[in-house]
>>> print(open('upload.txt').read())   # compact mmCIF, C-alpha atoms
# COMPACT_ATOMS: atom_id res chain seq x y z
CA MET A 3 17.77 -30.74 -49.48
CA PRO A 4 20.61 -32.71 -51.14
CA GLY A 5 23.30 -33.69 -48.69
CA ARG A 6 26.83 -34.60 -49.62
CA ILE A 7 28.51 -37.47 -47.70
CA PHE A 8 32.13 -38.44 -48.17
CA PHE A 9 33.40 -42.03 -47.77
CA LYS A 10 36.99 -43.35 -47.73
CA LEU A 11 37.53 -46.95 -48.94
CA LEU A 12 40.70 -48.71 -47.64
CA ALA A 13 41.97 -51.99 -49.19
CA LEU A 14 43.37 -54.81 -47.00
CA PRO A 15 47.21 -54.92 -46.67
CA SER A 16 47.46 -58.29 -48.50
CA LEU A 17 45.82 -56.81 -51.55
CA LEU A 18 46.88 -54.10 -53.88
CA VAL A 19 46.96 -50.98 -51.76
CA ALA A 20 44.69 -48.23 -53.06
CA LEU A 21 43.08 -45.20 -51.54
CA ASN A 22 40.00 -43.82 -53.21
CA THR A 23 37.55 -41.08 -52.31
CA CYS A 24 34.02 -40.95 -53.71
CA THR A 25 31.13 -38.52 -53.30
CA LEU A 26 27.48 -39.60 -53.02
CA ASP A 27 24.50 -37.24 -53.32
CA ILE A 28 21.73 -38.25 -50.92
CA ASP A 29 18.41 -36.44 -50.56
CA ILE A 30 17.86 -35.57 -46.90
CA PRO A 31 14.37 -34.20 -46.26
CA GLU A 32 14.16 -30.83 -44.52
CA TYR A 33 11.14 -30.90 -42.21
CA SER A 34 9.23 -27.72 -41.43
CA LEU A 35 5.77 -26.37 -40.60
CA GLU A 36 5.19 -22.63 -40.92
CA PHE A 37 2.13 -20.42 -40.33
CA GLU A 38 0.94 -17.04 -41.55
CA GLY A 39 -2.23 -15.62 -40.03
CA GLN A 40 -4.57 -12.70 -40.51
CA LEU A 41 -7.70 -11.49 -38.75
CA VAL A 42 -10.14 -9.22 -40.54
CA TYR A 43 -12.67 -7.11 -38.63
CA ASP A 44 -15.60 -5.33 -40.18
CA PRO A 45 -16.14 -5.17 -36.97
CA VAL A 46 -19.49 -7.07 -37.06
CA THR A 47 -17.87 -10.19 -38.47
CA ALA A 48 -14.48 -11.61 -37.70
CA ASP A 49 -12.77 -13.71 -40.34
CA VAL A 50 -9.64 -15.65 -39.57
CA GLN A 51 -7.42 -16.74 -42.43
CA ILE A 52 -4.38 -18.88 -41.68
CA THR A 53 -1.98 -20.08 -44.34
CA TYR A 54 0.32 -22.95 -43.47
CA THR A 55 2.92 -24.96 -45.37
CA PHE A 56 4.69 -28.11 -44.30
CA VAL A 57 7.69 -29.88 -45.79
CA ALA A 58 8.18 -33.57 -45.11
CA GLU A 59 9.56 -36.75 -46.68
CA GLU A 60 6.58 -37.95 -48.71
CA ALA A 61 4.67 -35.97 -51.31
CA PHE A 62 1.39 -36.40 -49.36
CA HIS A 63 0.78 -36.67 -45.63
CA PRO A 64 -2.34 -36.93 -43.47
CA CYS A 65 -2.74 -33.84 -41.25
CA ARG A 66 -4.82 -33.52 -38.08
CA ILE A 67 -6.40 -30.07 -37.90
CA SER A 68 -8.24 -28.51 -34.95
CA LEU A 69 -9.45 -25.15 -33.64
CA ARG A 70 -9.95 -24.57 -29.90
CA GLU A 71 -10.07 -21.76 -27.41
CA ALA A 72 -7.04 -21.51 -25.14
CA ASP A 73 -8.98 -23.10 -22.27
CA GLY A 74 -9.57 -26.21 -24.39
CA THR A 75 -13.13 -25.43 -25.53
CA VAL A 76 -13.64 -27.01 -28.96
CA VAL A 77 -14.57 -24.47 -31.61
CA GLU A 78 -14.39 -26.89 -34.52
CA ALA A 79 -14.13 -30.66 -34.18
CA GLU A 80 -10.79 -32.14 -35.19
CA TYR A 81 -10.60 -33.59 -38.69
CA THR A 82 -7.93 -35.20 -40.89
CA GLU A 83 -7.00 -34.29 -44.45
CA ILE A 84 -4.48 -35.81 -46.84
CA LEU A 85 -2.49 -32.82 -47.99
CA PRO A 86 0.49 -32.35 -50.31
CA ALA A 87 3.78 -31.22 -48.82
CA GLY A 88 5.42 -27.99 -49.88
CA VAL A 89 2.14 -26.37 -50.94
CA PRO A 90 0.46 -23.46 -49.07
CA HIS A 91 -2.88 -24.49 -47.51
CA THR A 92 -5.51 -22.07 -46.22
CA PHE A 93 -7.78 -22.41 -43.20
CA GLN A 94 -10.49 -19.74 -43.30
CA ARG A 95 -13.43 -19.34 -40.93
CA ASN A 96 -15.92 -16.66 -39.97
CA LEU A 97 -15.89 -16.36 -36.18
CA SER A 98 -18.54 -13.69 -35.77
CA GLY A 99 -20.47 -14.25 -32.56
CA SER A 100 -17.60 -16.14 -30.95
CA ASP A 101 -16.24 -15.20 -27.55
CA ASP A 102 -13.37 -12.76 -27.26
CA GLY A 103 -10.14 -14.36 -26.16
CA VAL A 104 -7.22 -16.49 -27.24
CA TYR A 105 -7.65 -19.19 -29.90
CA GLU A 106 -5.36 -22.00 -30.96
CA PHE A 107 -5.23 -23.44 -34.48
CA ARG A 108 -3.28 -26.71 -34.46
CA VAL A 109 -1.82 -28.76 -37.30
CA VAL A 110 -0.23 -32.18 -36.73
CA VAL A 111 1.47 -33.78 -39.74
CA GLN A 112 1.35 -37.57 -39.70
CA ALA A 113 3.20 -40.40 -41.45
CA GLU A 114 2.87 -44.17 -41.86
CA GLN A 115 5.12 -46.22 -39.60
CA ASN A 116 4.97 -50.02 -39.44
CA GLY A 117 1.58 -50.00 -41.09
CA GLU A 118 0.15 -47.40 -38.70
CA ILE A 119 -0.49 -43.67 -39.04
CA VAL A 120 1.42 -41.83 -36.32
CA ASP A 121 2.01 -38.19 -35.42
CA MET A 122 5.32 -36.55 -36.30
CA PRO A 123 6.19 -34.67 -33.08
CA PHE A 124 8.47 -32.18 -34.81
CA LEU A 125 5.63 -31.26 -37.20
CA ASP A 126 3.08 -30.60 -34.47
CA LYS A 127 2.56 -26.85 -34.14
CA THR A 128 -0.07 -24.41 -32.93
CA PHE A 129 -0.83 -20.95 -34.28
CA GLU A 130 -2.24 -18.70 -31.55
CA PHE A 131 -4.43 -15.72 -32.33
CA TYR A 132 -6.79 -13.39 -30.52
CA LEU A 133 -10.38 -12.44 -31.12
CA ASP A 134 -11.38 -9.07 -29.73
CA GLY A 135 -14.40 -7.12 -30.93
CA ASN A 136 -13.70 -4.13 -28.69
CA VAL A 137 -12.03 -0.93 -29.79
CA PRO A 138 -8.81 -0.65 -27.74
CA ALA A 139 -8.69 2.00 -25.07
CA ALA A 140 -6.44 5.01 -25.54
CA PRO A 141 -2.79 4.64 -24.49
CA ILE A 142 -1.20 6.61 -21.67
CA VAL A 143 1.69 9.06 -22.21
CA THR A 144 3.73 8.85 -19.00
CA LEU A 145 5.44 12.24 -19.43
CA PRO A 146 3.04 14.80 -17.89
CA GLU A 147 2.07 17.80 -19.96
CA ASP A 148 4.28 20.52 -18.50
CA THR A 149 7.34 22.71 -19.05
CA TYR A 150 10.83 21.24 -18.57
CA VAL A 151 14.51 22.10 -18.89
CA GLY A 152 16.57 19.84 -21.17
CA ASP A 153 15.74 16.64 -23.02
CA GLN A 154 13.04 14.43 -21.54
CA VAL A 155 11.91 10.84 -22.05
CA THR A 156 8.48 9.29 -22.08
CA LEU A 157 7.00 5.81 -22.01
CA PHE A 158 3.63 4.67 -23.31
CA GLU A 159 1.34 2.33 -21.38
CA HIS A 160 -1.85 0.46 -22.21
CA GLU A 161 -4.33 -1.36 -20.00
CA GLU A 162 -4.47 -4.49 -22.20
CA TRP A 163 -0.74 -5.11 -21.91
CA ASN A 164 -1.46 -6.47 -18.42
CA VAL A 165 -4.31 -8.74 -19.58
CA PRO A 166 -2.95 -11.99 -21.07
CA ALA A 167 -6.27 -12.89 -22.71
CA GLY A 168 -6.66 -9.52 -24.43
CA SER A 169 -6.04 -8.78 -28.05
CA PRO A 170 -2.42 -7.78 -28.69
CA VAL A 171 -2.39 -4.00 -28.78
CA GLU A 172 0.28 -1.89 -30.44
CA VAL A 173 0.88 1.79 -29.78
CA TYR A 174 2.01 4.19 -32.47
CA TYR A 175 3.22 7.71 -31.74
CA THR A 176 4.54 10.93 -33.26
CA LEU A 177 6.44 13.84 -31.72
CA ASN A 178 5.41 16.53 -34.20
CA GLY A 179 1.66 16.66 -33.72
CA ASP A 180 0.88 14.51 -36.78
CA ASP A 181 -1.78 11.81 -36.57
CA PRO A 182 0.07 8.60 -35.56
CA ASP A 183 -2.49 6.26 -37.20
CA PRO A 184 -0.28 3.48 -38.66
CA ARG A 185 -2.34 3.42 -41.83
CA ASN A 186 -0.78 6.71 -42.89
CA SER A 187 2.77 5.34 -42.40
CA ILE A 188 3.75 8.32 -40.25
CA GLY A 189 3.47 6.96 -36.71
CA GLN A 190 6.33 5.04 -35.14
CA ARG A 191 5.55 1.74 -33.40
CA TYR A 192 6.39 1.85 -29.70
CA ASP A 193 8.86 -0.92 -28.80
CA GLY A 194 8.67 -0.59 -25.00
CA SER A 195 11.81 1.48 -24.50
CA ALA A 196 12.02 5.10 -23.40
CA VAL A 197 11.34 7.62 -26.15
CA LEU A 198 13.48 10.78 -26.25
CA VAL A 199 11.56 14.06 -26.35
CA PRO A 200 14.25 16.56 -27.34
CA ALA A 201 14.28 20.07 -25.91
CA SER A 202 12.92 22.62 -28.33
CA SER A 203 12.19 26.35 -28.43
CA THR A 204 8.68 25.46 -29.61
CA PRO A 205 6.35 23.01 -27.81
CA VAL A 206 6.64 19.33 -28.72
CA VAL A 207 3.25 17.74 -29.31
CA VAL A 208 3.29 14.03 -28.45
CA LYS A 209 0.42 12.04 -29.97
CA ALA A 210 -0.25 8.33 -29.48
CA VAL A 211 -2.90 5.87 -30.61
CA ALA A 212 -3.59 2.22 -29.76
CA CYS A 213 -4.69 -0.35 -32.32
CA ASP A 214 -5.34 -4.07 -32.43
CA MET A 215 -3.17 -6.43 -34.45
CA VAL A 216 -5.26 -5.48 -37.47
CA VAL A 217 -4.71 -1.81 -38.14
CA ASP A 218 -7.99 -1.43 -40.03
CA HIS A 219 -9.88 -1.92 -36.78
CA VAL A 220 -11.73 1.24 -35.67
CA GLN A 221 -9.39 3.55 -33.76
CA GLN A 222 -9.89 5.79 -30.77
CA PRO A 223 -8.81 9.41 -31.43
CA PRO A 224 -5.13 9.84 -30.52
CA VAL A 225 -4.21 11.11 -27.07
CA GLN A 226 -2.06 14.22 -26.94
CA SER A 227 0.45 15.73 -24.56
CA THR A 228 2.09 19.11 -25.16
CA ILE A 229 5.61 19.31 -23.75
CA SER A 230 7.17 22.77 -23.45
CA PHE A 231 10.74 23.70 -22.55
CA MET A 232 12.55 26.55 -20.83
CA ASP A 233 16.16 27.32 -21.67
CA ALA A 234 18.05 30.40 -20.49
CA GLN A 235 20.88 30.79 -22.97
CA GLU A 236 22.57 34.15 -22.45
CA VAL A 237 22.76 37.04 -19.97
CA THR A 238 23.75 40.54 -21.09
CA PRO A 239 25.88 42.02 -19.64
CA VAL A 240 27.71 39.07 -18.10
CA SER A 241 29.09 41.16 -15.20
CA ALA A 242 28.25 44.28 -13.16
CA SER A 243 30.04 46.47 -10.60
CA ILE A 244 28.87 47.18 -7.07
CA THR A 245 30.13 50.75 -7.38
CA GLU A 246 28.90 51.42 -10.90
CA GLU A 247 25.71 53.46 -11.28
CA PHE A 248 22.72 52.43 -13.41
CA VAL A 249 20.84 55.63 -12.55
CA PRO A 250 22.47 58.61 -10.81
CA GLY A 251 21.99 58.16 -7.11
CA PHE A 252 21.53 54.35 -7.40
CA PRO A 253 25.02 52.84 -7.43
CA GLY A 254 25.19 49.10 -7.95
CA VAL A 255 21.74 48.86 -9.54
CA HIS A 256 21.90 47.21 -12.97
CA THR A 257 19.57 46.05 -15.69
CA ILE A 258 20.40 42.71 -17.30
CA VAL A 259 18.69 40.92 -20.17
CA ILE A 260 18.26 37.14 -20.18
CA SER A 261 17.67 35.56 -23.59
CA GLY A 262 16.34 32.07 -24.27
CA TYR A 263 12.85 30.63 -24.50
CA GLY A 264 9.99 29.30 -22.45
CA PHE A 265 9.62 32.24 -20.07
CA ASN A 266 6.11 33.08 -18.83
CA ALA A 267 4.20 34.93 -16.13
CA SER A 268 5.40 32.43 -13.49
CA THR A 269 9.09 33.01 -14.24
CA THR A 270 11.23 34.16 -11.33
CA VAL A 271 14.91 35.17 -11.30
CA VAL A 272 17.23 35.13 -8.28
CA LEU A 273 20.93 36.15 -8.23
CA TYR A 274 23.20 34.48 -5.68
CA ASP A 275 26.74 35.64 -4.99
CA VAL A 276 29.71 33.34 -4.41
CA ASP A 277 28.74 32.44 -0.81
CA GLY A 278 25.01 32.09 -1.46
CA THR A 279 23.82 35.57 -0.52
CA GLU A 280 20.58 36.35 -2.36
CA VAL A 281 20.85 39.64 -4.22
CA SER A 282 17.77 41.85 -4.43
CA SER A 283 16.30 41.55 -7.93
CA SER A 284 13.05 41.95 -9.82
CA ILE A 285 11.71 41.31 -13.31
CA VAL A 286 10.78 44.35 -15.36
CA PRO A 287 7.49 43.78 -17.18
CA PRO A 288 6.44 42.75 -19.72
CA ILE A 289 7.72 39.18 -19.79
CA HIS A 290 8.40 37.83 -23.29
CA ALA A 291 8.54 34.12 -24.12
CA ASP A 292 12.09 34.47 -25.44
CA GLN A 293 13.48 37.31 -23.31
CA ILE A 294 13.13 38.87 -19.86
CA MET A 295 14.62 42.01 -18.30
CA VAL A 296 15.78 41.95 -14.68
CA THR A 297 17.11 44.61 -12.31
CA VAL A 298 19.64 43.60 -9.64
CA ASN A 299 20.77 45.73 -6.67
CA LEU A 300 24.27 44.65 -5.74
CA ASN A 301 24.12 46.70 -2.53
CA HIS A 302 21.43 44.60 -0.90
CA GLY A 303 21.38 40.88 -0.15
CA THR A 304 20.11 38.35 2.36
CA GLY A 305 21.34 35.06 3.70
CA GLY A 306 24.61 33.50 2.63
CA THR A 307 27.26 31.93 4.82
CA GLU A 308 27.39 34.95 7.15
CA PRO A 309 23.98 35.20 8.88
CA GLY A 310 22.85 38.76 9.50
CA VAL A 311 25.33 40.21 7.02
CA ASP A 312 23.77 41.52 3.83
CA THR A 313 27.03 42.17 2.01
CA VAL A 314 27.14 41.05 -1.62
CA ASP A 315 30.55 39.52 -2.35
CA THR A 316 32.44 39.92 -5.59
CA GLY A 317 33.24 36.91 -7.71
CA SER A 318 31.21 34.31 -9.53
CA GLY A 319 27.48 34.66 -9.09
CA THR A 320 24.65 32.45 -10.29
CA LEU A 321 21.40 33.53 -11.87
CA VAL A 322 18.66 31.00 -11.09
CA ILE A 323 15.72 31.22 -13.50
CA LYS A 324 12.63 29.22 -12.59
CA ASN A 325 9.07 28.89 -13.84
CA SER A 326 7.85 28.57 -10.28
CA GLY A 327 4.13 28.41 -11.10
CA LEU A 328 4.46 25.05 -12.91
CA SER A 329 4.28 21.69 -11.19
CA SER A 330 7.64 20.62 -12.62
CA SER A 331 9.28 23.94 -11.50
CA PRO A 332 11.72 23.92 -14.43
CA THR A 333 14.92 25.59 -13.27
CA ASP A 334 17.88 26.84 -15.29
CA CYS A 335 21.08 28.63 -14.30
CA LEU A 336 23.46 31.16 -15.86
CA ASP A 337 26.85 32.40 -14.63
CA PHE A 338 27.15 36.08 -13.67
CA GLN A 339 30.20 38.02 -12.49
CA ILE A 340 30.02 40.55 -9.65
CA VAL A 341 32.96 42.98 -9.69
CA TYR A 342 34.08 46.27 -8.03
>>> encode(input="upload.txt", output="structure tokens")
Amino acid sequence: MPGRIFFKLLALPSLLVALNTCTLDIDIPEYSLEFEGQLVYDPVTADVQITYTFVAEEAFHPCRISLREADGTVVEAEYTEILPAGVPHTFQRNLSGSDDGVYEFRVVVQAEQNGEIVDMPFLDKTFEFYLDGNVPAAPIVTLPEDTYVGDQVTLFEHEEWNVPAGSPVEVYYTLNGDDPDPRNSIGQRYDGSAVLVPASSTPVVVKAVACDMVVDHVQQPPVQSTISFMDAQEVTPVSASITEEFVPGFPGVHTIVISGYGFNASTTVVLYDVDGTEVSSSIVPPIHADQIMVTVNLNHGTGGTEPGVDTVDTGSGTLVIKNSGLSSSPTDCLDFQIVY
């Protein structure tokens, strides 16, 4: 790469004083050694193809080339080639029958110094790759299949991520039930951070698949987790009177409708008054996924801050809606006013 160096020339005081500036173009070599690698499975054979390019001062340089396993076992004896700089070179081998594990392809560019061929330390690099003939195991979706309230997050795990000698595995996922196979350009690559699973009135189908560094390797079927949500959104009416009659002869008994989604046969509803007294209530069948009907009797309650007193107090009450039959026990709340 041409470099530009500036010099200032100063004349001696006894001579004619002059100040001149000149510019010199000097070629300064830019040294580099870069790799590009690819493994191809069929999966009976395993071909490795590594392209490398080096840039150095001379047009041609001797290069020491070797291939070893990570533990130092020689796969191919070291050899030296005189290669041109600035030109892509390809190392290609069929490694079928070789052991699974980590491999190291090393290139050392050399130069002549004082009549001897010596290594150039800054052009001594190793390209590391993995050989793995096994189909990767399925990934793990950490968010259990269940029903929840509000947005959730999930992680993805894989057994090979804890095995340094294993083939590098990537996980791809979708949140809409589509096949996450990266070859169809739909799946998103998991980067290790938490993935948001947004609350939805319809179930969110999380699918994930693991693949080796070469996506054409045979895949396991994707794993799947169905995440459902419960969300109580509105109660009608929003208030009821202790003295008002729902049916003649039953003052204080009211029917309320709770709208939302995610309700099922395990849904329970409890109304608490301002001091925590539990008001007698029951769900009127049938239960719909997006709506439930509940009767509340404002004349009967239990508990609260006054033990033994069943009085339901006026003021702000709280409707607690829970899918109690699910392991996550998703619970939602709605405000409800109790008046005279």
>>> atom_distance(input="upload.txt", atom1="atom CA of A:Phe265", atom2="atom CA of A:Ser330")
13.9 Å
>>> closest_residue(input="upload.txt", among="A:Ile340, A:Ala267, A:Ala242, A:Val208", to="A:Asn325", atoms="only C-alpha atoms")
A:Ala267
>>> residues_around(input="upload.txt", residues="A:Ser282", least_positions_apart="4", cutoff="7 Å", atoms="all atoms listed in the file", output="JSON list (two decimals) with C-alpha atoms, in the coordinates of the input")
[["chain", "number", "residue", "atom", "x", "y", "z"],
["A", 298, "VAL", "CA", 19.64, 43.60, -9.64],
["A", 299, "ASN", "CA", 20.77, 45.73, -6.67],
["A", 302, "HIS", "CA", 21.43, 44.60, -0.90],
["A", 303, "GLY", "CA", 21.38, 40.88, -0.15]]
>>> residues_around(input="upload.txt", residues="A:Cys335", least_positions_apart="4", cutoff="12 Å", atoms="all atoms listed in the file", output="MDAnalysis selection string")
chainID A and resid 151 232:237 260 262 270:274 319:324
>>> write_last_selection(input="upload.txt", atoms="C-alpha atoms", output="compact mmCIF listing (two decimals), in the frame of the given file")
# COMPACT_ATOMS: atom_id res chain seq x y z
CA VAL A 151 14.51 22.10 -18.89
CA MET A 232 12.55 26.55 -20.83
CA ASP A 233 16.16 27.32 -21.67
CA ALA A 234 18.05 30.40 -20.49
CA GLN A 235 20.88 30.79 -22.97
CA GLU A 236 22.57 34.15 -22.45
CA VAL A 237 22.76 37.04 -19.97
CA ILE A 260 18.26 37.14 -20.18
CA GLY A 262 16.34 32.07 -24.27
CA THR A 270 11.23 34.16 -11.33
CA VAL A 271 14.91 35.17 -11.30
CA VAL A 272 17.23 35.13 -8.28
CA LEU A 273 20.93 36.15 -8.23
CA TYR A 274 23.20 34.48 -5.68
CA GLY A 319 27.48 34.66 -9.09
CA THR A 320 24.65 32.45 -10.29
CA LEU A 321 21.40 33.53 -11.87
CA VAL A 322 18.66 31.00 -11.09
CA ILE A 323 15.72 31.22 -13.50
CA LYS A 324 12.63 29.22 -12.59
>>> closest_residue(input="upload.txt", among="A:Ser202, A:Ser68, A:Thr238, A:Thr176", to="A:Gln190", atoms="only C-alpha atoms")
A:Thr176
